[in-house]
$ cat data-v7.tsv   # TSV, C-alpha atoms and all ligand atoms
chain	number	residue	atom	x	y	z
V	592	MET	CA	-2.02	20.87	-1.85
V	593	ILE	CA	-0.20	20.33	-5.17
V	594	HIS	CA	3.44	19.68	-4.40
V	595	PRO	CA	6.29	21.20	-6.38
V	596	LYS	CA	9.54	19.42	-7.07
V	597	VAL	CA	11.57	19.01	-3.88
V	598	GLU	CA	15.16	18.04	-3.23
V	599	PHE	CA	16.02	15.13	-0.97
V	600	ALA	CA	18.94	14.46	1.31
V	601	VAL	CA	21.25	11.66	0.27
V	602	SER	CA	21.68	9.10	3.04
V	603	ALA	CA	24.92	7.75	4.37
V	604	ALA	CA	23.96	4.41	2.84
V	605	ASP	CA	23.66	6.05	-0.60
V	606	LYS	CA	27.13	7.46	-0.19
V	607	SER	CA	28.56	4.14	0.90
V	608	ARG	CA	27.07	2.58	-2.24
V	609	GLY	CA	29.04	5.13	-4.25
V	610	ARG	CA	26.11	7.34	-5.24
V	611	SER	CA	26.82	11.01	-5.62
V	612	ALA	CA	26.08	12.96	-2.47
V	613	LEU	CA	25.26	15.95	-4.67
V	614	LYS	CA	22.65	14.30	-6.84
V	615	PRO	CA	19.03	14.79	-5.76
V	616	ARG	CA	17.32	11.45	-5.40
V	617	ALA	CA	14.63	12.48	-7.85
V	618	SER	CA	17.15	12.94	-10.63
V	619	ARG	CA	18.76	9.57	-9.97
V	620	ASN	CA	15.37	8.16	-10.98
V	621	SER	CA	14.74	10.70	-13.67
V	622	PRO	CA	11.13	10.74	-14.84
V	623	ASP	CA	12.54	10.43	-18.37
V	624	GLU	CA	13.67	6.93	-17.48
V	625	GLY	CA	10.20	5.99	-16.29
V	626	SER	CA	9.78	4.86	-12.69
V	627	LYS	CA	11.80	1.65	-12.95
V	628	GLY	CA	14.47	2.89	-10.52
V	629	TYR	CA	11.73	4.01	-8.16
V	630	HIS	CA	9.11	1.31	-8.37
V	631	LEU	CA	8.11	-1.19	-11.02
V	632	SER	CA	4.32	-1.19	-11.30
V	633	VAL	CA	2.68	-4.55	-10.67
V	634	LEU	CA	0.13	-6.07	-13.10
V	635	PRO	CA	0.15	-2.92	-15.27
V	636	GLU	CA	-1.71	-4.22	-18.35
V	637	GLU	CA	-4.27	-6.17	-16.34
V	638	THR	CA	-4.99	-3.17	-14.10
V	639	VAL	CA	-5.42	-0.75	-16.98
V	640	ALA	CA	-7.68	-3.18	-18.86
V	641	LEU	CA	-9.94	-3.55	-15.81
V	642	LEU	CA	-10.16	0.21	-15.26
V	643	ALA	CA	-11.01	0.90	-18.92
V	644	PRO	CA	-9.51	4.42	-19.09
V	645	GLU	CA	-10.63	6.66	-21.94
V	646	PRO	CA	-10.54	10.35	-22.81
V	647	GLY	CA	-13.11	12.17	-20.67
V	648	ARG	CA	-13.00	9.61	-17.83
V	649	VAL	CA	-11.75	10.60	-14.38
V	650	ILE	CA	-9.76	8.01	-12.47
V	651	LEU	CA	-8.52	8.24	-8.90
V	652	ASP	CA	-5.12	6.65	-8.27
V	653	GLY	CA	-5.08	6.45	-4.48
V	654	THR	CA	-1.52	5.13	-4.31
V	655	LEU	CA	0.53	7.18	-6.75
V	656	GLY	CA	4.00	5.85	-5.76
V	657	GLY	CA	6.36	6.22	-8.71
V	658	GLY	CA	3.42	7.02	-11.00
V	659	GLY	CA	3.65	3.97	-13.26
V	660	HIS	CA	-0.03	3.06	-13.11
V	661	SER	CA	-1.06	6.72	-13.37
V	662	GLU	CA	1.11	7.11	-16.44
V	663	ALA	CA	-0.56	4.19	-18.20
V	664	LEU	CA	-4.02	5.61	-17.38
V	665	LEU	CA	-2.99	9.05	-18.64
V	666	GLU	CA	-1.54	7.57	-21.81
V	667	ALA	CA	-4.94	6.01	-22.48
V	668	GLY	CA	-6.42	9.53	-22.34
V	669	ALA	CA	-8.03	9.59	-18.87
V	670	ARG	CA	-7.79	12.42	-16.36
V	671	VAL	CA	-6.01	11.18	-13.22
V	672	ILE	CA	-6.37	12.54	-9.71
V	673	ALA	CA	-3.75	10.90	-7.53
V	674	THR	CA	-3.03	10.75	-3.81
V	675	ASP	CA	-0.07	9.50	-1.81
V	676	ARG	CA	0.80	10.15	1.80
V	677	ASP	CA	4.51	10.21	1.02
V	678	PRO	CA	5.72	13.66	-0.11
V	679	GLU	CA	8.67	12.09	-1.91
V	680	ALA	CA	6.32	10.01	-4.11
V	681	ILE	CA	4.22	13.09	-4.87
V	682	ALA	CA	7.29	15.08	-5.89
V	683	PHE	CA	8.81	12.31	-8.00
V	684	ALA	CA	5.63	11.42	-9.89
V	685	THR	CA	4.58	15.05	-10.32
V	686	GLU	CA	7.81	15.70	-12.18
V	687	ARG	CA	7.57	12.46	-14.10
V	688	LEU	CA	4.00	13.10	-15.26
V	689	ALA	CA	4.26	16.85	-15.86
V	690	ARG	CA	3.89	16.33	-19.60
V	691	PHE	CA	0.22	15.45	-19.13
V	692	GLY	CA	-0.50	19.02	-17.98
V	693	ASP	CA	-3.76	19.57	-16.11
V	694	ARG	CA	-5.02	16.04	-16.91
V	695	PHE	CA	-2.88	14.96	-13.92
V	696	GLN	CA	-3.24	16.27	-10.37
V	697	ALA	CA	-1.34	14.91	-7.38
V	698	VAL	CA	-2.39	15.62	-3.83
V	699	ARG	CA	-0.56	14.58	-0.71
V	700	ALA	CA	-3.20	12.81	1.31
V	701	ASN	CA	-4.19	9.51	2.84
V	702	PHE	CA	-6.44	7.68	0.37
V	703	ALA	CA	-8.91	7.27	3.23
V	704	GLU	CA	-9.50	11.02	2.70
V	705	ALA	CA	-10.00	10.73	-1.05
V	706	GLY	CA	-13.58	12.02	-0.68
V	707	GLU	CA	-12.34	15.32	0.78
V	708	VAL	CA	-9.68	15.57	-1.93
V	709	LEU	CA	-12.33	15.13	-4.64
V	710	ASP	CA	-14.57	17.69	-2.92
V	711	ARG	CA	-11.73	20.23	-2.88
V	712	LEU	CA	-11.18	19.67	-6.60
V	713	GLY	CA	-14.90	19.98	-7.30
V	714	VAL	CA	-15.21	16.39	-8.57
V	715	ALA	CA	-18.51	14.79	-7.54
V	716	GLN	CA	-18.17	11.40	-9.24
V	717	ILE	CA	-15.34	9.36	-10.68
V	718	ASP	CA	-15.24	6.73	-13.41
V	719	GLY	CA	-12.60	4.54	-11.80
V	720	ALA	CA	-10.33	4.09	-8.81
V	721	LEU	CA	-7.15	2.17	-8.14
V	722	LEU	CA	-5.50	1.22	-4.86
V	723	ASP	CA	-2.12	-0.52	-5.11
V	724	ILE	CA	-1.63	-1.12	-1.43
V	725	GLY	CA	1.53	-1.18	0.66
V	726	VAL	CA	4.95	0.36	0.26
V	727	SER	CA	6.88	1.13	-2.89
V	728	SER	CA	10.27	-0.36	-3.69
V	729	ARG	CA	11.71	3.12	-3.23
V	730	GLN	CA	10.42	3.27	0.33
V	731	ILE	CA	11.74	-0.20	1.16
V	732	ASP	CA	15.11	0.46	-0.45
V	733	ALA	CA	15.71	3.72	1.46
V	734	PRO	CA	17.39	2.67	4.75
V	735	GLU	CA	16.60	6.05	6.31
V	736	ARG	CA	12.86	5.22	6.09
V	737	GLY	CA	13.33	2.19	8.34
V	738	PHE	CA	11.12	-0.27	6.38
V	739	SER	CA	13.79	-2.85	5.64
V	740	PHE	CA	15.27	-5.43	7.97
V	741	GLN	CA	18.08	-5.90	5.49
V	742	GLU	CA	19.62	-2.47	5.93
V	743	ASN	CA	20.28	-0.48	9.06
V	744	GLY	CA	18.37	2.72	9.60
V	745	PRO	CA	16.17	4.49	12.13
V	746	LEU	CA	13.22	2.40	13.31
V	747	ASP	CA	10.69	4.66	11.61
V	748	MET	CA	8.39	3.01	8.96
V	749	ARG	CA	6.11	6.02	8.47
V	750	MET	CA	4.92	6.42	4.87
V	751	ASP	CA	3.97	9.97	5.82
V	752	PRO	CA	7.10	11.31	7.58
V	753	SER	CA	4.93	13.72	9.57
V	754	GLY	CA	2.82	10.87	10.99
V	755	PRO	CA	2.47	10.82	14.79
V	756	VAL	CA	3.88	7.36	15.62
V	757	THR	CA	7.07	5.58	14.55
V	758	ALA	CA	7.92	1.91	14.81
V	759	ALA	CA	10.42	2.82	17.57
V	760	ASP	CA	7.58	4.41	19.56
V	761	LEU	CA	5.53	1.21	19.35
V	762	VAL	CA	8.43	-1.12	20.08
V	763	ASN	CA	9.71	0.87	23.07
V	764	ASN	CA	6.43	1.94	24.67
V	765	SER	CA	3.95	-0.91	24.18
V	766	SER	CA	3.47	-3.60	26.81
V	767	ALA	CA	4.77	-7.09	26.09
V	768	GLU	CA	1.17	-8.25	25.70
V	769	ASP	CA	0.27	-5.52	23.22
V	770	LEU	CA	3.41	-6.20	21.18
V	771	ALA	CA	2.68	-9.92	21.10
V	772	ASP	CA	-0.89	-9.24	19.96
V	773	LEU	CA	0.34	-6.88	17.27
V	774	PHE	CA	2.87	-9.41	15.89
V	775	TRP	CA	0.24	-12.15	15.99
V	776	LYS	CA	-2.67	-10.22	14.50
V	777	LEU	CA	-0.88	-8.11	11.89
V	778	GLY	CA	2.08	-10.36	11.16
V	779	GLU	CA	0.57	-13.80	11.80
V	780	GLU	CA	3.86	-14.43	13.66
V	781	SER	CA	3.67	-17.69	15.62
V	782	ALA	CA	6.59	-16.78	17.92
V	783	SER	CA	4.91	-13.47	18.82
V	784	ARG	CA	5.06	-13.90	22.60
V	785	ARG	CA	8.71	-14.98	22.65
V	786	ILE	CA	9.72	-12.10	20.39
V	787	ALA	CA	7.76	-9.54	22.43
V	788	ALA	CA	9.35	-10.80	25.68
V	789	GLN	CA	12.84	-10.54	24.16
V	790	ILE	CA	12.17	-6.97	22.97
V	791	VAL	CA	11.03	-5.99	26.46
V	792	ARG	CA	14.23	-7.48	27.96
V	793	ASP	CA	16.46	-5.75	25.41
V	794	ARG	CA	14.81	-2.36	25.69
V	795	ALA	CA	15.28	-2.41	29.49
V	796	GLU	CA	19.01	-2.05	28.76
V	797	ARG	CA	18.55	0.65	26.10
V	798	PRO	CA	15.70	1.62	23.78
V	799	LEU	CA	15.63	-0.05	20.37
V	800	ALA	CA	16.48	2.76	17.96
V	801	THR	CA	17.41	1.11	14.67
V	802	THR	CA	16.12	-1.57	12.35
V	803	PHE	CA	19.11	-3.75	13.24
V	804	ASP	CA	18.39	-3.34	17.00
V	805	LEU	CA	14.99	-4.88	16.29
V	806	VAL	CA	16.41	-7.55	13.97
V	807	HIS	CA	18.85	-8.61	16.74
V	808	SER	CA	16.05	-8.95	19.30
V	809	VAL	CA	13.96	-11.00	16.86
V	810	GLU	CA	16.90	-13.23	15.96
V	811	LYS	CA	17.63	-13.96	19.62
V	812	ALA	CA	14.00	-15.05	20.18
V	813	SER	CA	13.41	-16.77	16.86
V	814	PRO	CA	16.53	-18.05	15.12
V	815	ARG	CA	16.51	-18.33	11.34
V	816	HIS	CA	14.89	-21.47	9.85
V	817	GLY	CA	14.66	-21.83	6.08
V	818	ARG	CA	14.73	-19.00	3.60
V	819	THR	CA	12.40	-16.46	5.17
V	820	HIS	CA	14.12	-13.95	7.42
V	821	PRO	CA	12.78	-14.30	10.99
V	822	ALA	CA	12.06	-10.54	11.17
V	823	THR	CA	9.81	-10.53	8.08
V	824	LYS	CA	6.49	-10.81	9.89
V	825	VAL	CA	7.44	-8.51	12.76
V	826	PHE	CA	8.41	-5.78	10.29
V	827	GLN	CA	5.17	-6.31	8.34
V	828	ALA	CA	3.10	-6.04	11.53
V	829	LEU	CA	4.81	-2.87	12.69
V	830	ARG	CA	4.51	-1.24	9.27
V	831	ILE	CA	0.80	-1.99	9.11
V	832	ALA	CA	0.27	-0.63	12.63
V	833	VAL	CA	2.42	2.50	12.24
V	834	ASN	CA	0.55	3.47	9.08
V	835	GLY	CA	-2.92	2.31	10.13
V	836	GLU	CA	-2.99	0.42	6.84
V	837	LEU	CA	-5.95	-1.87	7.41
V	838	GLU	CA	-8.14	0.90	8.82
V	839	ALA	CA	-7.27	3.15	5.85
V	840	LEU	CA	-8.10	0.36	3.41
V	841	GLU	CA	-11.46	-0.44	5.04
V	842	SER	CA	-12.48	3.18	5.17
V	843	ALA	CA	-11.33	3.91	1.59
V	844	LEU	CA	-13.22	0.94	0.12
V	845	SER	CA	-16.51	2.41	1.33
V	846	SER	CA	-15.81	6.08	0.75
V	847	ILE	CA	-14.35	5.60	-2.74
V	848	SER	CA	-17.17	3.24	-3.76
V	849	ALA	CA	-19.63	5.99	-2.86
V	850	ARG	CA	-17.96	8.33	-5.35
V	851	LEU	CA	-18.02	5.91	-8.30
V	852	ARG	CA	-20.63	6.71	-10.91
V	853	PRO	CA	-22.82	3.83	-12.18
V	854	GLY	CA	-20.60	1.76	-14.45
V	855	GLY	CA	-17.45	3.03	-12.68
V	856	ARG	CA	-14.71	0.53	-11.90
V	857	PHE	CA	-12.72	-0.11	-8.74
V	858	ALA	CA	-9.45	-2.10	-8.82
V	859	VAL	CA	-7.41	-3.04	-5.77
V	860	ILE	CA	-4.00	-4.74	-5.66
V	861	THR	CA	-2.90	-6.30	-2.36
V	862	PHE	CA	0.23	-8.09	-1.24
V	863	HIS	CA	-0.72	-10.14	1.79
V	864	SER	CA	-3.63	-12.15	3.05
V	865	LEU	CA	-4.86	-9.66	5.68
V	866	GLU	CA	-5.42	-6.98	3.04
V	867	ASP	CA	-6.73	-9.37	0.42
V	868	ARG	CA	-9.29	-10.74	2.87
V	869	ILE	CA	-10.63	-7.23	3.49
V	870	VAL	CA	-10.96	-6.52	-0.25
V	871	LYS	CA	-12.46	-9.92	-1.05
V	872	THR	CA	-15.01	-9.65	1.76
V	873	PHE	CA	-15.93	-6.08	0.80
V	874	PHE	CA	-16.54	-6.86	-2.88
V	875	LYS	CA	-18.32	-10.13	-2.09
V	876	ALA	CA	-20.67	-8.45	0.40
V	877	ARG	CA	-21.59	-5.86	-2.23
V	878	SER	CA	-21.84	-8.07	-5.28
V	879	THR	CA	-24.25	-10.64	-3.84
V	880	GLU	CA	-27.80	-9.72	-4.85
V	881	TRP	CA	-29.75	-12.10	-2.62
V	882	LEU	CA	-29.02	-13.17	0.94
V	883	ASP	CA	-30.37	-16.35	2.45
V	884	ARG	CA	-30.29	-17.74	5.96
V	885	PRO	CA	-31.80	-21.00	7.23
V	886	GLU	CA	-34.09	-19.09	9.62
V	887	TRP	CA	-35.56	-16.88	6.84
V	888	PRO	CA	-38.67	-18.14	5.00
V	889	GLU	CA	-37.24	-16.83	1.71
V	890	PRO	CA	-34.11	-15.07	0.41
V	891	ARG	CA	-33.96	-11.31	0.92
V	892	ARG	CA	-32.50	-8.67	-1.34
V	893	ASN	CA	-29.10	-7.47	-0.10
V	894	PRO	CA	-29.36	-3.74	0.76
V	895	ASP	CA	-25.60	-3.34	0.06
V	896	PHE	CA	-25.80	-4.83	-3.43
V	897	GLN	CA	-24.00	-2.33	-5.69
V	898	PHE	CA	-21.21	-4.08	-7.60
V	899	ARG	CA	-20.68	-6.65	-10.31
V	900	LEU	CA	-17.47	-8.61	-9.77
V	901	LEU	CA	-15.05	-8.24	-12.68
V	902	THR	CA	-12.62	-10.76	-11.17
V	903	PRO	CA	-14.43	-13.76	-9.67
V	904	LYS	CA	-10.91	-15.00	-8.87
V	905	PRO	CA	-8.05	-12.61	-8.13
V	906	VAL	CA	-5.76	-11.81	-11.05
V	907	VAL	CA	-2.15	-12.81	-10.33
V	908	ALA	CA	1.06	-12.00	-12.17
V	909	SER	CA	2.24	-14.14	-15.06
V	910	GLU	CA	5.44	-16.13	-14.62
V	911	ALA	CA	7.20	-13.68	-16.93
V	912	GLU	CA	6.18	-10.74	-14.73
V	913	GLN	CA	7.12	-12.62	-11.57
V	914	SER	CA	10.62	-13.27	-12.85
V	915	ARG	CA	10.97	-9.67	-14.03
V	916	ASN	CA	9.56	-8.28	-10.77
V	917	PRO	CA	9.77	-10.60	-7.72
V	918	ARG	CA	7.47	-8.25	-5.77
V	919	ALA	CA	4.65	-9.26	-8.15
V	920	ARG	CA	4.72	-12.84	-6.79
V	921	SER	CA	2.38	-12.05	-3.92
V	922	ALA	CA	0.18	-9.52	-5.77
V	923	LYS	CA	-3.57	-10.12	-6.05
V	924	LEU	CA	-5.74	-7.85	-8.16
V	925	ARG	CA	-9.49	-7.70	-7.58
V	926	ALA	CA	-11.89	-5.44	-9.40
V	927	ALA	CA	-15.58	-4.68	-9.47
V	928	GLN	CA	-17.94	-2.47	-11.48
V	929	LYS	CA	-20.59	-0.24	-9.89
V	930	LEU	CA	-24.06	-1.14	-11.04
V	1001	LIG	C1	2.88	-0.04	-4.07
V	1001	LIG	S1	3.16	1.68	-4.10
V	1001	LIG	C2	2.23	2.25	-5.48
V	1001	LIG	C3	3.00	2.14	-6.77
V	1001	LIG	C4	2.31	2.77	-7.95
V	1001	LIG	N1	1.04	2.12	-8.26
V	1001	LIG	C5	3.21	2.77	-9.18
V	1001	LIG	O1	2.79	2.30	-10.24
V	1001	LIG	O2	4.34	3.24	-9.05
V	1001	LIG	C6	2.16	2.20	-2.79
V	1001	LIG	C7	2.16	3.71	-2.55
V	1001	LIG	O3	0.99	4.01	-1.84
V	1001	LIG	C8	1.28	4.90	-0.81
V	1001	LIG	N2	0.27	4.63	0.23
V	1001	LIG	C9	0.12	3.51	0.96
V	1001	LIG	N3	-0.92	3.64	1.79
V	1001	LIG	C10	-1.45	4.87	1.55
V	1001	LIG	C11	-2.56	5.57	2.08
V	1001	LIG	N4	-3.33	5.07	3.05
V	1001	LIG	N5	-2.84	6.79	1.56
V	1001	LIG	C12	-2.08	7.32	0.56
V	1001	LIG	N6	-1.00	6.70	0.05
V	1001	LIG	C13	-0.69	5.50	0.54
V	1001	LIG	C14	2.69	4.63	-0.40
V	1001	LIG	O4	3.26	5.78	0.17
V	1001	LIG	C15	3.33	4.23	-1.72
V	1001	LIG	O5	3.92	5.33	-2.35

$ encode --input "data-v7.tsv" --output "structure tokens" --more "lines below"
Ligand SMILES: C[S@@+](CC[C@H](N)C(=O)[O-])C[C@H]1O[C@@H](n2cnc3c(N)ncnc32)[C@H](O)[C@@H]1O
Amino acid sequence: MIHPKVEFAVSAADKSRGRSALKPRASRNSPDEGSKGYHLSVLPEETVALLAPEPGRVILDGTLGGGGHSEALLEAGARVIATDRDPEAIAFATERLARFGDRFQAVRANFAEAGEVLDRLGVAQIDGALLDIGVSSRQIDAPERGFSFQENGPLDMRMDPSGPVTAADLVNNSSAEDLADLFWKLGEESASRRIAAQIVRDRAERPLATTFDLVHSVEKASPRHGRTHPATKVFQALRIAVNGELEALESALSSISARLRPGGRFAVITFHSLEDRIVKTFFKARSTEWLDRPEWPEPRRNPDFQFRLLTPKPVVASEAEQSRNPRARSAKLRAAQKL
């Protein structure tokens, strides 16, 4: 499904910030101005260098977002097939990258389904793939999407607005034990049980409907210490769960690797340790040629050996990039080349 330009509603928060209620959001971040107002791409030069785009090469950008990485790959002459599960990202980047004609194709899909997308386009093998995991600045900054604890909005957090489960569904319908597990496992939140118990008490009075309802419950259970907002980890955990982020990443690493031609390159940018651990483990397990265990008489060849690591250590943003783009502070880029 190739998505045409669409118009977007302007939220009450936009109006209160003095933005024109008549202006479509896409034109506020006109493609002519690049994607800076939408999302500033992280590690752009490093990513492009590792993917080695060239005319005639086909690269999959699994996380199109504002299209910044795709644009750099297209400028280097590659053909780019891009996916994003957010229709707003597809519409924005499609307009922004229209000048590249049929060298650029955007499909609304979960990157875990990239194989099916490539099949539909008749592409058997690709020369490179990029995943720049997580949410875009545009998604976080839009209060009506419910990703931010700093602005009030519906407790939603779906990257794909037609997804089956919202954050409000999880918060209002899960048991205290399941909520605590979720905050602990996906947020590494040490006050997970206290926060879950407080949510259950608060929702008995009335369901939690907004981001600020959730923030208030978290603050009651875990008052602010230091600079990090107490709701940070709870919001991260819910976002990961609502969007099935870790499952999508695990499945995409295997399915996309299978579509890379020999010599093809795979680059992945992550923003927190849970995701980075998955990527690191995946590449390590497939770039180790020989396996050895104390109980084996001799080392055995690894049947999964298929990659050469291009980044023995993750690439991180320079200080200059970090001060230009604070989001880059936690970014880790890992890449590998198919043998
Ligand atoms: C960090 S942004 C990508 C920014 C982009 N690289 C750029 O230069 O503008 C992540 C994007 O990936 C999308 N996304 C996250 N998980 C996804 C998934 N499983 N399938 C498809 N898109 C996904 C989000 O909707 C978001 O637009």

$ residues_around --input "data-v7.tsv" --residues "V:Pro798" --least-positions-apart "2" --cutoff "10 Å" --atoms "all atoms listed in the file" --output "PyMOL selection string"
chain V and resi 759-760+762-764+790-791+793-796+800-801+804-805

$ atom_distance --input "data-v7.tsv" --atom1 "atom C8 of ligand LIG 1001 (chain V)" --atom2 "atom CA of V:Glu662"
15.8 Å

$ closest_residue --input "data-v7.tsv" --among "V:Leu712, V:Ala832, V:Leu851, V:Ala669" --to "ligand LIG 1001 (chain V)" --atoms "only C-alpha atoms and all ligand atoms"
V:Ala832

$ residues_near_ligand --input "data-v7.tsv" --ligand "ligand LIG 1001 (chain V)" --cutoff "7 Å" --atoms "only C-alpha atoms and all ligand atoms" --output "VMD selection string"
chain V and resid 626 630 to 633 653 to 661 674 to 677 680 700 to 703 723 to 727 750 836 839 to 840

$ closest_residue --input "data-v7.tsv" --among "V:Ala926, V:Leu799, V:Ile831, V:Ile786" --to "V:Leu722" --atoms "all atoms listed in the file"
V:Ala926

$ atom_distance --input "data-v7.tsv" --atom1 "atom CA of V:Phe691" --atom2 "atom CA of V:Ala663"
11.3 Å

$ atom_distance --input "data-v7.tsv" --atom1 "atom CA of V:Val859" --atom2 "atom CA of V:Glu636"
13.9 Å

$ residues_around --input "data-v7.tsv" --residues "V:Phe862" --least-positions-apart "6" --cutoff "7 Å" --atoms "all atoms listed in the file" --output "ChimeraX atom specification"
/V:921-923

$ axis_aligned_box --input "data-v7.tsv" --around "stretch 806-814 of chain V" --padding-each-side "8 Å" --output "JSON"
{"center_x": 16.1, "center_y": -12.8, "center_z": 17.1, "size_x": 21.4, "size_y": 26.5, "size_z": 22.2}

$ residues_around --input "data-v7.tsv" --residues "V:Val671" --least-positions-apart "3" --cutoff "12 Å" --atoms "only C-alpha atoms" --output "ChimeraX atom specification"
/V:642,644-655,658,660-668,674,685,688,691-698,709,712,714,717-721

$ write_last_selection --input "data-v7.tsv" --atoms "C-alpha atoms" --output "compact mmCIF listing (two decimals), in the coordinates of the input"
# COMPACT_ATOMS: atom_id res chain seq x y z
CA LEU V 642 -10.16 0.21 -15.26
CA PRO V 644 -9.51 4.42 -19.09
CA GLU V 645 -10.63 6.66 -21.94
CA PRO V 646 -10.54 10.35 -22.81
CA GLY V 647 -13.11 12.17 -20.67
CA ARG V 648 -13.00 9.61 -17.83
CA VAL V 649 -11.75 10.60 -14.38
CA ILE V 650 -9.76 8.01 -12.47
CA LEU V 651 -8.52 8.24 -8.90
CA ASP V 652 -5.12 6.65 -8.27
CA GLY V 653 -5.08 6.45 -4.48
CA THR V 654 -1.52 5.13 -4.31
CA LEU V 655 0.53 7.18 -6.75
CA GLY V 658 3.42 7.02 -11.00
CA HIS V 660 -0.03 3.06 -13.11
CA SER V 661 -1.06 6.72 -13.37
CA GLU V 662 1.11 7.11 -16.44
CA ALA V 663 -0.56 4.19 -18.20
CA LEU V 664 -4.02 5.61 -17.38
CA LEU V 665 -2.99 9.05 -18.64
CA GLU V 666 -1.54 7.57 -21.81
CA ALA V 667 -4.94 6.01 -22.48
CA GLY V 668 -6.42 9.53 -22.34
CA THR V 674 -3.03 10.75 -3.81
CA THR V 685 4.58 15.05 -10.32
CA LEU V 688 4.00 13.10 -15.26
CA PHE V 691 0.22 15.45 -19.13
CA GLY V 692 -0.50 19.02 -17.98
CA ASP V 693 -3.76 19.57 -16.11
CA ARG V 694 -5.02 16.04 -16.91
CA PHE V 695 -2.88 14.96 -13.92
CA GLN V 696 -3.24 16.27 -10.37
CA ALA V 697 -1.34 14.91 -7.38
CA VAL V 698 -2.39 15.62 -3.83
CA LEU V 709 -12.33 15.13 -4.64
CA LEU V 712 -11.18 19.67 -6.60
CA VAL V 714 -15.21 16.39 -8.57
CA ILE V 717 -15.34 9.36 -10.68
CA ASP V 718 -15.24 6.73 -13.41
CA GLY V 719 -12.60 4.54 -11.80
CA ALA V 720 -10.33 4.09 -8.81
CA LEU V 721 -7.15 2.17 -8.14

$ closest_residue --input "data-v7.tsv" --among "V:Phe740, V:Phe857, V:Phe774, V:Trp887" --to "V:Arg899" --atoms "only C-alpha atoms"
V:Phe857

$ closest_residue --input "data-v7.tsv" --among "V:Leu844, V:Leu901, V:Ala758, V:Ala876" --to "V:Leu641" --atoms "all atoms listed in the file"
V:Leu901

$ closest_residue --input "data-v7.tsv" --among "V:Ser813, V:Thr802, V:Ser753, V:Asn916" --to "V:Gln789" --atoms "only C-alpha atoms"
V:Ser813

$ closest_residue --input "data-v7.tsv" --among "V:Arg792, V:Phe896, V:Ser781, V:Ile860" --to "V:Ala822" --atoms "all atoms listed in the file"
V:Ser781

$ residues_around --input "data-v7.tsv" --residues "V:Pro890" --least-positions-apart "6" --cutoff "12 Å" --atoms "all atoms listed in the file" --output "mmCIF file with C-alpha atoms, in the coordinates of the input"
data_model
loop_
_atom_site.group_PDB
_atom_site.id
_atom_site.type_symbol
_atom_site.label_atom_id
_atom_site.label_comp_id
_atom_site.auth_asym_id
_atom_site.auth_seq_id
_atom_site.Cartn_x
_atom_site.Cartn_y
_atom_site.Cartn_z
ATOM 1 C CA THR V 879 -24.250 -10.640 -3.840
ATOM 2 C CA GLU V 880 -27.800 -9.720 -4.850
ATOM 3 C CA TRP V 881 -29.750 -12.100 -2.620
ATOM 4 C CA LEU V 882 -29.020 -13.170 0.940
ATOM 5 C CA ASP V 883 -30.370 -16.350 2.450
ATOM 6 C CA ARG V 884 -30.290 -17.740 5.960
#

$ residues_around --input "data-v7.tsv" --residues "V:Arg850" --least-positions-apart "2" --cutoff "7 Å" --atoms "all atoms listed in the file" --output "ChimeraX atom specification"
/V:715-717,846-848,852
